[in-house]
Structures are given as C-alpha cells and as structure tokens.
file target17.cif (mmCIF, N, CA, C and O atoms)
data_upload
loop_
_atom_site.label_atom_id
_atom_site.label_comp_id
_atom_site.auth_asym_id
_atom_site.auth_seq_id
_atom_site.Cartn_x
_atom_site.Cartn_y
_atom_site.Cartn_z
N MET A 25 0.84 -1.18 0.00
CA MET A 25 0.00 0.00 0.00
C MET A 25 0.88 1.24 0.00
O MET A 25 1.76 1.39 0.82
N ARG A 26 0.61 2.14 -0.91
CA ARG A 26 1.39 3.37 -1.04
C ARG A 26 0.84 4.42 -0.08
O ARG A 26 -0.36 4.70 -0.08
N ARG A 27 1.72 4.98 0.73
CA ARG A 27 1.29 6.03 1.65
C ARG A 27 1.44 7.38 0.96
O ARG A 27 2.32 7.58 0.14
N GLU A 28 0.60 8.31 1.34
CA GLU A 28 0.62 9.65 0.77
C GLU A 28 0.82 10.67 1.88
O GLU A 28 0.72 10.35 3.06
N SER A 29 1.09 11.92 1.48
CA SER A 29 1.26 12.96 2.48
C SER A 29 -0.05 13.70 2.77
O SER A 29 -0.05 14.70 3.46
N THR A 30 -1.15 13.17 2.27
CA THR A 30 -2.46 13.75 2.55
C THR A 30 -2.98 13.17 3.86
O THR A 30 -3.08 11.96 4.00
N PRO A 31 -3.32 14.04 4.81
CA PRO A 31 -3.80 13.52 6.10
C PRO A 31 -5.16 12.85 5.98
O PRO A 31 -5.94 13.19 5.09
N PRO A 32 -5.44 11.92 6.89
CA PRO A 32 -6.76 11.27 6.88
C PRO A 32 -7.84 12.25 7.32
O PRO A 32 -7.56 13.26 7.96
N GLY A 33 -9.06 11.93 6.96
CA GLY A 33 -10.20 12.77 7.31
C GLY A 33 -10.62 12.61 8.76
O GLY A 33 -10.05 11.84 9.53
N GLU A 34 -11.65 13.33 9.11
CA GLU A 34 -12.19 13.31 10.47
C GLU A 34 -12.73 11.94 10.86
O GLU A 34 -12.89 11.65 12.03
N ASP A 35 -13.01 11.12 9.86
CA ASP A 35 -13.59 9.80 10.12
C ASP A 35 -12.53 8.73 10.39
O ASP A 35 -12.85 7.55 10.49
N ALA A 36 -11.26 9.14 10.53
CA ALA A 36 -10.17 8.18 10.78
C ALA A 36 -9.34 8.61 12.00
O ALA A 36 -8.16 8.93 11.88
N PRO A 37 -9.95 8.65 13.18
CA PRO A 37 -9.21 9.09 14.37
C PRO A 37 -8.26 7.99 14.88
O PRO A 37 -8.37 6.83 14.48
N ILE A 38 -7.34 8.40 15.73
CA ILE A 38 -6.46 7.45 16.41
C ILE A 38 -6.57 7.68 17.91
O ILE A 38 -7.06 8.71 18.37
N ALA A 39 -6.09 6.71 18.67
CA ALA A 39 -6.09 6.84 20.12
C ALA A 39 -4.94 7.75 20.53
O ALA A 39 -3.78 7.49 20.21
N CYS A 40 -5.25 8.82 21.23
CA CYS A 40 -4.23 9.78 21.66
C CYS A 40 -3.60 9.29 22.97
O CYS A 40 -4.30 9.10 23.96
N PRO A 41 -2.27 9.12 22.97
CA PRO A 41 -1.62 8.66 24.20
C PRO A 41 -1.64 9.71 25.32
O PRO A 41 -1.55 9.37 26.49
N ARG A 42 -1.79 10.97 24.96
CA ARG A 42 -1.82 12.03 25.97
C ARG A 42 -3.21 12.20 26.58
O ARG A 42 -3.34 12.45 27.77
N LEU A 43 -4.24 12.09 25.73
CA LEU A 43 -5.60 12.34 26.21
C LEU A 43 -6.34 11.07 26.60
O LEU A 43 -7.28 11.13 27.39
N GLY A 44 -5.96 9.96 25.99
CA GLY A 44 -6.60 8.70 26.33
C GLY A 44 -7.90 8.44 25.61
O GLY A 44 -8.69 7.60 26.03
N HIS A 45 -8.17 9.16 24.53
CA HIS A 45 -9.35 8.88 23.71
C HIS A 45 -9.05 9.16 22.25
O HIS A 45 -7.95 9.59 21.91
N LEU A 46 -10.02 8.89 21.38
CA LEU A 46 -9.81 9.05 19.95
C LEU A 46 -9.81 10.52 19.55
O LEU A 46 -10.62 11.31 20.05
N VAL A 47 -8.87 10.88 18.66
CA VAL A 47 -8.82 12.23 18.12
C VAL A 47 -8.51 12.16 16.63
O VAL A 47 -7.77 11.29 16.19
N PRO A 48 -9.05 13.11 15.85
CA PRO A 48 -8.71 13.17 14.43
C PRO A 48 -7.38 13.91 14.25
O PRO A 48 -6.91 14.62 15.16
N PHE A 49 -6.79 13.79 13.08
CA PHE A 49 -5.53 14.47 12.81
C PHE A 49 -5.68 15.99 12.95
O PHE A 49 -4.75 16.66 13.37
N SER A 50 -6.84 16.53 12.62
CA SER A 50 -7.02 17.98 12.72
C SER A 50 -6.76 18.48 14.14
O SER A 50 -6.27 19.59 14.33
N TYR A 51 -7.08 17.67 15.14
CA TYR A 51 -6.78 18.07 16.53
C TYR A 51 -5.27 18.10 16.75
O TYR A 51 -4.74 19.06 17.30
N CYS A 52 -4.59 17.07 16.31
CA CYS A 52 -3.13 16.98 16.51
C CYS A 52 -2.40 18.09 15.76
O CYS A 52 -1.34 18.54 16.19
N ARG A 53 -2.97 18.52 14.67
CA ARG A 53 -2.34 19.57 13.86
C ARG A 53 -2.34 20.91 14.57
O ARG A 53 -1.47 21.74 14.35
N MET A 54 -3.29 21.16 15.45
CA MET A 54 -3.41 22.45 16.12
C MET A 54 -3.55 22.32 17.63
O MET A 54 -4.14 23.15 18.28
N GLU A 55 -3.03 21.26 18.20
CA GLU A 55 -3.24 20.94 19.61
C GLU A 55 -2.56 21.88 20.58
O GLU A 55 -3.11 22.28 21.59
N SER A 56 -1.36 22.27 20.31
CA SER A 56 -0.53 22.99 21.29
C SER A 56 -0.48 24.48 20.98
O SER A 56 0.41 24.94 20.28
N GLU A 57 -1.46 25.23 21.50
CA GLU A 57 -1.53 26.67 21.29
C GLU A 57 -1.48 27.03 19.81
O GLU A 57 -0.77 27.94 19.39
N GLY A 58 -2.20 26.28 19.00
CA GLY A 58 -2.25 26.52 17.57
C GLY A 58 -1.13 25.84 16.79
O GLY A 58 -1.11 25.88 15.57
N ALA A 59 -0.21 25.21 17.48
CA ALA A 59 0.90 24.50 16.84
C ALA A 59 0.62 23.00 16.89
O ALA A 59 -0.19 22.54 17.69
N PRO A 60 1.31 22.23 16.05
CA PRO A 60 1.11 20.78 16.09
C PRO A 60 1.53 20.18 17.43
O PRO A 60 2.43 20.68 18.09
N CYS A 61 0.88 19.09 17.77
CA CYS A 61 1.29 18.33 18.95
C CYS A 61 2.68 17.79 18.71
O CYS A 61 2.96 17.26 17.63
N PRO A 62 3.58 17.90 19.67
CA PRO A 62 4.94 17.38 19.49
C PRO A 62 4.98 15.87 19.24
O PRO A 62 5.96 15.35 18.72
N MET A 63 3.92 15.16 19.57
CA MET A 63 3.89 13.71 19.39
C MET A 63 3.26 13.29 18.06
O MET A 63 3.19 12.11 17.74
N ALA A 64 2.80 14.27 17.27
CA ALA A 64 2.08 13.96 16.03
C ALA A 64 2.89 13.10 15.07
O ALA A 64 2.34 12.20 14.43
N LEU A 65 4.18 13.33 14.97
CA LEU A 65 5.00 12.54 14.05
C LEU A 65 5.00 11.07 14.46
O LEU A 65 4.88 10.18 13.61
N ASP A 66 5.13 10.81 15.75
CA ASP A 66 5.14 9.43 16.24
C ASP A 66 3.77 8.77 16.13
O ASP A 66 3.67 7.59 15.80
N CYS A 67 2.74 9.52 16.42
CA CYS A 67 1.40 8.93 16.45
C CYS A 67 0.85 8.62 15.05
O CYS A 67 0.11 7.65 14.89
N TRP A 68 1.19 9.43 14.05
CA TRP A 68 0.58 9.30 12.74
C TRP A 68 1.49 8.70 11.67
O TRP A 68 1.07 8.51 10.53
N TYR A 69 2.73 8.36 12.00
CA TYR A 69 3.68 7.92 10.97
C TYR A 69 3.21 6.71 10.18
O TYR A 69 3.51 6.58 9.00
N ASP A 70 2.43 5.82 10.79
CA ASP A 70 2.02 4.62 10.07
C ASP A 70 0.73 4.81 9.27
O ASP A 70 0.32 3.93 8.54
N ARG A 71 0.09 5.97 9.40
CA ARG A 71 -1.15 6.24 8.68
C ARG A 71 -0.93 6.99 7.36
O ARG A 71 -1.65 6.79 6.40
N PHE A 72 0.05 7.92 7.37
CA PHE A 72 0.36 8.69 6.16
C PHE A 72 1.73 9.33 6.36
O PHE A 72 2.32 9.22 7.43
N LEU A 73 2.24 9.98 5.35
CA LEU A 73 3.57 10.60 5.42
C LEU A 73 3.47 11.92 6.18
O LEU A 73 3.57 13.00 5.62
N VAL A 74 3.31 11.80 7.47
CA VAL A 74 3.05 12.95 8.32
C VAL A 74 4.21 13.94 8.33
O VAL A 74 4.01 15.14 8.33
N GLU A 75 5.45 13.44 8.33
CA GLU A 75 6.58 14.36 8.31
C GLU A 75 6.60 15.17 7.03
O GLU A 75 6.82 16.39 7.06
N ASP A 76 6.35 14.53 5.89
CA ASP A 76 6.29 15.27 4.62
C ASP A 76 5.20 16.33 4.67
O ASP A 76 5.40 17.46 4.22
N PHE A 77 4.05 15.98 5.22
CA PHE A 77 2.96 16.93 5.32
C PHE A 77 3.37 18.16 6.12
O PHE A 77 3.19 19.30 5.67
N PHE A 78 3.93 17.94 7.32
CA PHE A 78 4.29 19.08 8.16
C PHE A 78 5.43 19.89 7.56
O PHE A 78 5.46 21.12 7.69
N ARG A 79 6.36 19.25 6.89
CA ARG A 79 7.46 20.01 6.25
C ARG A 79 6.94 20.89 5.12
O ARG A 79 7.51 21.92 4.83
N GLU A 80 5.82 20.49 4.51
CA GLU A 80 5.21 21.30 3.45
C GLU A 80 4.43 22.49 4.00
O GLU A 80 4.40 23.55 3.38
N VAL A 81 3.78 22.32 5.15
CA VAL A 81 2.88 23.37 5.65
C VAL A 81 3.49 24.27 6.73
O VAL A 81 2.95 25.33 7.00
N LEU A 82 4.61 23.85 7.33
CA LEU A 82 5.22 24.64 8.39
C LEU A 82 6.47 25.35 7.88
O LEU A 82 7.19 24.82 7.03
N THR A 83 6.74 26.52 8.43
CA THR A 83 8.01 27.19 8.16
C THR A 83 9.09 26.46 8.94
O THR A 83 8.79 25.72 9.89
N PRO A 84 10.36 26.66 8.59
CA PRO A 84 11.43 26.04 9.38
C PRO A 84 11.36 26.41 10.87
O PRO A 84 11.63 25.58 11.74
N GLU A 85 10.97 27.63 11.18
CA GLU A 85 10.86 28.05 12.57
C GLU A 85 9.72 27.33 13.28
O GLU A 85 9.84 26.93 14.44
N GLU A 86 8.59 27.17 12.59
CA GLU A 86 7.46 26.45 13.18
C GLU A 86 7.81 24.99 13.39
O GLU A 86 7.44 24.40 14.41
N TRP A 87 8.53 24.40 12.43
CA TRP A 87 8.96 23.00 12.56
C TRP A 87 9.84 22.85 13.80
O TRP A 87 9.64 21.95 14.61
N GLU A 88 10.81 23.74 13.95
CA GLU A 88 11.71 23.67 15.10
C GLU A 88 10.95 23.82 16.41
O GLU A 88 11.18 23.06 17.36
N ALA A 89 10.03 24.77 16.46
CA ALA A 89 9.27 24.98 17.69
C ALA A 89 8.40 23.77 18.03
O ALA A 89 8.24 23.43 19.21
N ALA A 90 7.88 23.10 17.01
CA ALA A 90 6.98 21.96 17.27
C ALA A 90 7.72 20.66 17.52
O ALA A 90 7.34 19.90 18.40
N PHE A 91 8.79 20.40 16.76
CA PHE A 91 9.37 19.06 16.78
C PHE A 91 10.84 18.97 17.17
O PHE A 91 11.31 17.88 17.47
N ASP A 92 11.57 20.06 17.14
CA ASP A 92 13.00 19.99 17.43
C ASP A 92 13.37 20.43 18.85
O ASP A 92 14.53 20.65 19.14
N ARG A 93 12.38 20.56 19.69
CA ARG A 93 12.66 20.90 21.10
C ARG A 93 12.28 19.72 21.97
O ARG A 93 11.36 18.98 21.65
N PRO A 94 12.98 19.56 23.07
CA PRO A 94 12.59 18.45 23.95
C PRO A 94 11.18 18.68 24.49
O PRO A 94 10.81 19.81 24.80
N PRO A 95 10.38 17.63 24.56
CA PRO A 95 9.02 17.79 25.07
C PRO A 95 9.02 18.17 26.55
O PRO A 95 9.94 17.82 27.28
N LYS A 96 7.99 18.90 26.93
CA LYS A 96 7.84 19.26 28.33
C LYS A 96 7.52 18.01 29.13
O LYS A 96 6.83 17.11 28.66
N SER A 97 8.00 17.99 30.34
CA SER A 97 7.70 16.86 31.21
C SER A 97 6.23 16.90 31.62
O SER A 97 5.58 17.94 31.56
N ARG A 98 5.75 15.77 32.02
CA ARG A 98 4.36 15.68 32.49
C ARG A 98 4.14 16.64 33.66
O ARG A 98 3.11 17.30 33.75
N MET A 99 5.13 16.73 34.55
CA MET A 99 5.01 17.61 35.71
C MET A 99 4.92 19.08 35.28
O MET A 99 4.12 19.83 35.80
N SER A 100 5.76 19.49 34.30
CA SER A 100 5.68 20.89 33.88
C SER A 100 4.36 21.21 33.22
O SER A 100 3.82 22.28 33.42
N ARG A 101 3.84 20.25 32.41
CA ARG A 101 2.53 20.49 31.79
C ARG A 101 1.45 20.60 32.85
O ARG A 101 0.56 21.43 32.77
N LEU A 102 1.54 19.76 33.88
CA LEU A 102 0.56 19.80 34.97
C LEU A 102 0.64 21.13 35.71
O LEU A 102 -0.38 21.76 35.99
N MET A 103 1.84 21.58 36.01
CA MET A 103 2.01 22.86 36.72
C MET A 103 1.49 24.03 35.88
O MET A 103 0.85 24.93 36.41
N GLU A 104 1.75 24.01 34.57
CA GLU A 104 1.23 25.06 33.69
C GLU A 104 -0.29 25.05 33.68
O GLU A 104 -0.92 26.11 33.73
N SER A 105 -0.87 23.88 33.63
CA SER A 105 -2.32 23.76 33.62
C SER A 105 -2.92 24.29 34.93
O SER A 105 -3.93 25.01 34.92
N ILE A 106 -2.30 23.97 36.03
CA ILE A 106 -2.77 24.46 37.34
C ILE A 106 -2.68 25.98 37.39
O ILE A 106 -3.61 26.66 37.83
N GLU A 107 -1.58 26.52 36.91
CA GLU A 107 -1.39 27.98 36.92
C GLU A 107 -2.42 28.67 36.02
O GLU A 107 -2.99 29.69 36.39
N GLU A 108 -2.68 28.10 34.84
CA GLU A 108 -3.69 28.68 33.95
C GLU A 108 -5.07 28.65 34.58
O GLU A 108 -5.82 29.60 34.49
N THR A 109 -5.39 27.55 35.24
CA THR A 109 -6.68 27.43 35.91
C THR A 109 -6.79 28.43 37.05
O THR A 109 -7.81 29.08 37.23
N ARG A 110 -5.70 28.59 37.79
CA ARG A 110 -5.69 29.53 38.89
C ARG A 110 -5.91 30.96 38.41
O ARG A 110 -6.62 31.75 39.03
N LYS A 111 -5.34 31.30 37.25
CA LYS A 111 -5.48 32.64 36.69
C LYS A 111 -6.80 32.83 35.96
O LYS A 111 -7.13 33.93 35.57
N GLY A 112 -7.53 31.71 35.74
CA GLY A 112 -8.82 31.81 35.05
C GLY A 112 -8.69 31.89 33.55
O GLY A 112 -9.55 32.43 32.87
N ILE A 113 -7.62 31.35 33.02
CA ILE A 113 -7.42 31.39 31.55
C ILE A 113 -8.32 30.38 30.89
O ILE A 113 -8.57 29.34 31.31
#

call {"tool": "encode", "arguments": {"input": "target17.cif", "output": "structure tokens"}}
result
Amino acid sequence: MRRESTPPGEDAPIACPRLGHLVPFSYCRMESEGAPCPMALDCWYDRFLVEDFFREVLTPEEWEAAFDRPPKSRMSRLMESIEETRKGI
C-alpha cells in the first residue's frame, strides 16, 4: 500500500496517548496553542507521510518549535495547567 502525504479525514481518528481517547488528525495539527502536537510525528507515521505533510505546511521556525525541542515533562505540563486554571485562563 502506497502512503501519501495527505492527512486522513475526520472519520479516521487514532487513540491519543496524551488524552486517552480518539482524536482526528485535525486536533493533533493544532493541539498545542495553535501548533502541532509534538507527538504527532510518532502517532501518525504509520497512517500517512506525516513528516512530509508538516514540512510542506510549516516554516522552518514552526517545525523547530513543534518538533526539534525536547518535550515538556508531564510535571511541567501539569504545573502550567494548574497555573492557567488559577489565573482563570
């Protein structure tokens, strides 16, 4: 089967390891403050040519911000979430 760089539609969700339920690619594409989820490459690699897709639609700076930085730890994400909730964001 030949894979393409066209993402699957809303009717082809995958199980999100971060959220624990099914999500479509459109969610992963804009999950992190409008940027792609840092795990999108790992989660979608077997469904389509996800890296090719993102390299086509992202600038080099956006690519670096999304995929070339170490992911935040679970504790830091939790602390950020608590702080946002405390501030009423």

call {"tool": "resolve_selection", "arguments": {"input": "target17.cif", "expression": "the PyMOL selection byres (((chain A and resi 77 and name CA) around 12) and name CA)", "output": "PyMOL selection string"}}
result
chain A and resi 27-32+49+53+60+64-65+68-69+71-76+78-83+87

call {"tool": "atom_distance", "arguments": {"input": "target17.cif", "atom1": "atom C of A:Phe91", "atom2": "atom C of A:Asp35"}}
result
26.4 Å

call {"tool": "closest_atom_pairs", "arguments": {"input": "target17.cif", "of": "stretch 30-86 of chain A", "to": "stretch 95-108 of chain A", "cutoff": "10 Å", "atoms": "only C-alpha atoms", "output": "Markdown table"}}
result
| residue | atom | partner | partner_atom | distance |
| --- | --- | --- | --- | --- |
| A:Arg42 | CA | A:Arg98 | CA | 9.7 |
| A:Cys61 | CA | A:Pro95 | CA | 9.9 |
| A:Pro62 | CA | A:Pro95 | CA | 6.9 |
| A:Met63 | CA | A:Pro95 | CA | 8.7 |

call {"tool": "atom_distance", "arguments": {"input": "target17.cif", "atom1": "atom CA of A:Asp66", "atom2": "atom CA of A:Ala90"}}
result
12.7 Å

call {"tool": "select_by_dssp", "arguments": {"input": "target17.cif", "residues": "stretch 59-105 of chain A", "states": "helix (DSSP H, G or I)", "output": "list in words"}}
result
Ala64, Leu65, Asp66, Cys67, Trp68, Val74, Glu75, Asp76, Phe77, Phe78, Arg79, Glu80, Val81, Pro84, Glu85, Glu86, Trp87, Glu88, Ala89, Ala90, Phe91, Arg98, Met99, Ser100, Arg101, Leu102, Met103, Glu104 and Ser105 of chain A

call {"tool": "write_last_selection", "arguments": {"input": "target17.cif", "atoms": "N, CA, C and O atoms", "output": "compact mmCIF listing (two decimals), in the coordinates of the input"}}
result
# COMPACT_ATOMS: atom_id res chain seq x y z
N ALA A 64 2.80 14.27 17.27
CA ALA A 64 2.08 13.96 16.03
C ALA A 64 2.89 13.10 15.07
O ALA A 64 2.34 12.20 14.43
N LEU A 65 4.18 13.33 14.97
CA LEU A 65 5.00 12.54 14.05
C LEU A 65 5.00 11.07 14.46
O LEU A 65 4.88 10.18 13.61
N ASP A 66 5.13 10.81 15.75
CA ASP A 66 5.14 9.43 16.24
C ASP A 66 3.77 8.77 16.13
O ASP A 66 3.67 7.59 15.80
N CYS A 67 2.74 9.52 16.42
CA CYS A 67 1.40 8.93 16.45
C CYS A 67 0.85 8.62 15.05
O CYS A 67 0.11 7.65 14.89
N TRP A 68 1.19 9.43 14.05
CA TRP A 68 0.58 9.30 12.74
C TRP A 68 1.49 8.70 11.67
O TRP A 68 1.07 8.51 10.53
N VAL A 74 3.31 11.80 7.47
CA VAL A 74 3.05 12.95 8.32
C VAL A 74 4.21 13.94 8.33
O VAL A 74 4.01 15.14 8.33
N GLU A 75 5.45 13.44 8.33
CA GLU A 75 6.58 14.36 8.31
C GLU A 75 6.60 15.17 7.03
O GLU A 75 6.82 16.39 7.06
N ASP A 76 6.35 14.53 5.89
CA ASP A 76 6.29 15.27 4.62
C ASP A 76 5.20 16.33 4.67
O ASP A 76 5.40 17.46 4.22
N PHE A 77 4.05 15.98 5.22
CA PHE A 77 2.96 16.93 5.32
C PHE A 77 3.37 18.16 6.12
O PHE A 77 3.19 19.30 5.67
N PHE A 78 3.93 17.94 7.32
CA PHE A 78 4.29 19.08 8.16
C PHE A 78 5.43 19.89 7.56
O PHE A 78 5.46 21.12 7.69
N ARG A 79 6.36 19.25 6.89
CA ARG A 79 7.46 20.01 6.25
C ARG A 79 6.94 20.89 5.12
O ARG A 79 7.51 21.92 4.83
N GLU A 80 5.82 20.49 4.51
CA GLU A 80 5.21 21.30 3.45
C GLU A 80 4.43 22.49 4.00
O GLU A 80 4.40 23.55 3.38
N VAL A 81 3.78 22.32 5.15
CA VAL A 81 2.88 23.37 5.65
C VAL A 81 3.49 24.27 6.73
O VAL A 81 2.95 25.33 7.00
N PRO A 84 10.36 26.66 8.59
CA PRO A 84 11.43 26.04 9.38
C PRO A 84 11.36 26.41 10.87
O PRO A 84 11.63 25.58 11.74
N GLU A 85 10.97 27.63 11.18
CA GLU A 85 10.86 28.05 12.57
C GLU A 85 9.72 27.33 13.28
O GLU A 85 9.84 26.93 14.44
N GLU A 86 8.59 27.17 12.59
CA GLU A 86 7.46 26.45 13.18
C GLU A 86 7.81 24.99 13.39
O GLU A 86 7.44 24.40 14.41
N TRP A 87 8.53 24.40 12.43
CA TRP A 87 8.96 23.00 12.56
C TRP A 87 9.84 22.85 13.80
O TRP A 87 9.64 21.95 14.61
N GLU A 88 10.81 23.74 13.95
CA GLU A 88 11.71 23.67 15.10
C GLU A 88 10.95 23.82 16.41
O GLU A 88 11.18 23.06 17.36
N ALA A 89 10.03 24.77 16.46
CA ALA A 89 9.27 24.98 17.69
C ALA A 89 8.40 23.77 18.03
O ALA A 89 8.24 23.43 19.21
N ALA A 90 7.88 23.10 17.01
CA ALA A 90 6.98 21.96 17.27
C ALA A 90 7.72 20.66 17.52
O ALA A 90 7.34 19.90 18.40
N PHE A 91 8.79 20.40 16.76
CA PHE A 91 9.37 19.06 16.78
C PHE A 91 10.84 18.97 17.17
O PHE A 91 11.31 17.88 17.47
N ARG A 98 5.75 15.77 32.02
CA ARG A 98 4.36 15.68 32.49
C ARG A 98 4.14 16.64 33.66
O ARG A 98 3.11 17.30 33.75
N MET A 99 5.13 16.73 34.55
CA MET A 99 5.01 17.61 35.71
C MET A 99 4.92 19.08 35.28
O MET A 99 4.12 19.83 35.80
N SER A 100 5.76 19.49 34.30
CA SER A 100 5.68 20.89 33.88
C SER A 100 4.36 21.21 33.22
O SER A 100 3.82 22.28 33.42
N ARG A 101 3.84 20.25 32.41
CA ARG A 101 2.53 20.49 31.79
C ARG A 101 1.45 20.60 32.85
O ARG A 101 0.56 21.43 32.77
N LEU A 102 1.54 19.76 33.88
CA LEU A 102 0.56 19.80 34.97
C LEU A 102 0.64 21.13 35.71
O LEU A 102 -0.38 21.76 35.99
N MET A 103 1.84 21.58 36.01
CA MET A 103 2.01 22.86 36.72
C MET A 103 1.49 24.03 35.88
O MET A 103 0.85 24.93 36.41
N GLU A 104 1.75 24.01 34.57
CA GLU A 104 1.23 25.06 33.69
C GLU A 104 -0.29 25.05 33.68
O GLU A 104 -0.92 26.11 33.73
N SER A 105 -0.87 23.88 33.63
CA SER A 105 -2.32 23.76 33.62
C SER A 105 -2.92 24.29 34.93
O SER A 105 -3.93 25.01 34.92

call {"tool": "select_by_dssp", "arguments": {"input": "target17.cif", "residues": "chain A", "states": "strand (DSSP E)", "output": "list in words"}}
result
Ile38, Ala39, Leu46 and Val47 of chain A

call {"tool": "write_last_selection", "arguments": {"input": "target17.cif", "atoms": "N, CA, C and O atoms", "output": "tab-separated table (two decimals), in the frame of the given file"}}
result
chain	number	residue	atom	x	y	z
A	38	ILE	N	-7.34	8.40	15.73
A	38	ILE	CA	-6.46	7.45	16.41
A	38	ILE	C	-6.57	7.68	17.91
A	38	ILE	O	-7.06	8.71	18.37
A	39	ALA	N	-6.09	6.71	18.67
A	39	ALA	CA	-6.09	6.84	20.12
A	39	ALA	C	-4.94	7.75	20.53
A	39	ALA	O	-3.78	7.49	20.21
A	46	LEU	N	-10.02	8.89	21.38
A	46	LEU	CA	-9.81	9.05	19.95
A	46	LEU	C	-9.81	10.52	19.55
A	46	LEU	O	-10.62	11.31	20.05
A	47	VAL	N	-8.87	10.88	18.66
A	47	VAL	CA	-8.82	12.23	18.12
A	47	VAL	C	-8.51	12.16	16.63
A	47	VAL	O	-7.77	11.29	16.19

call {"tool": "closest_residue", "arguments": {"input": "target17.cif", "among": "A:Pro84, A:Pro94, A:Gly112, A:Gly33", "to": "A:Pro48", "atoms": "only C-alpha atoms"}}
result
A:Gly33

call {"tool": "atom_distance", "arguments": {"input": "target17.cif", "atom1": "atom C of A:Glu34", "atom2": "atom C of A:Glu85"}}
result
27.3 Å
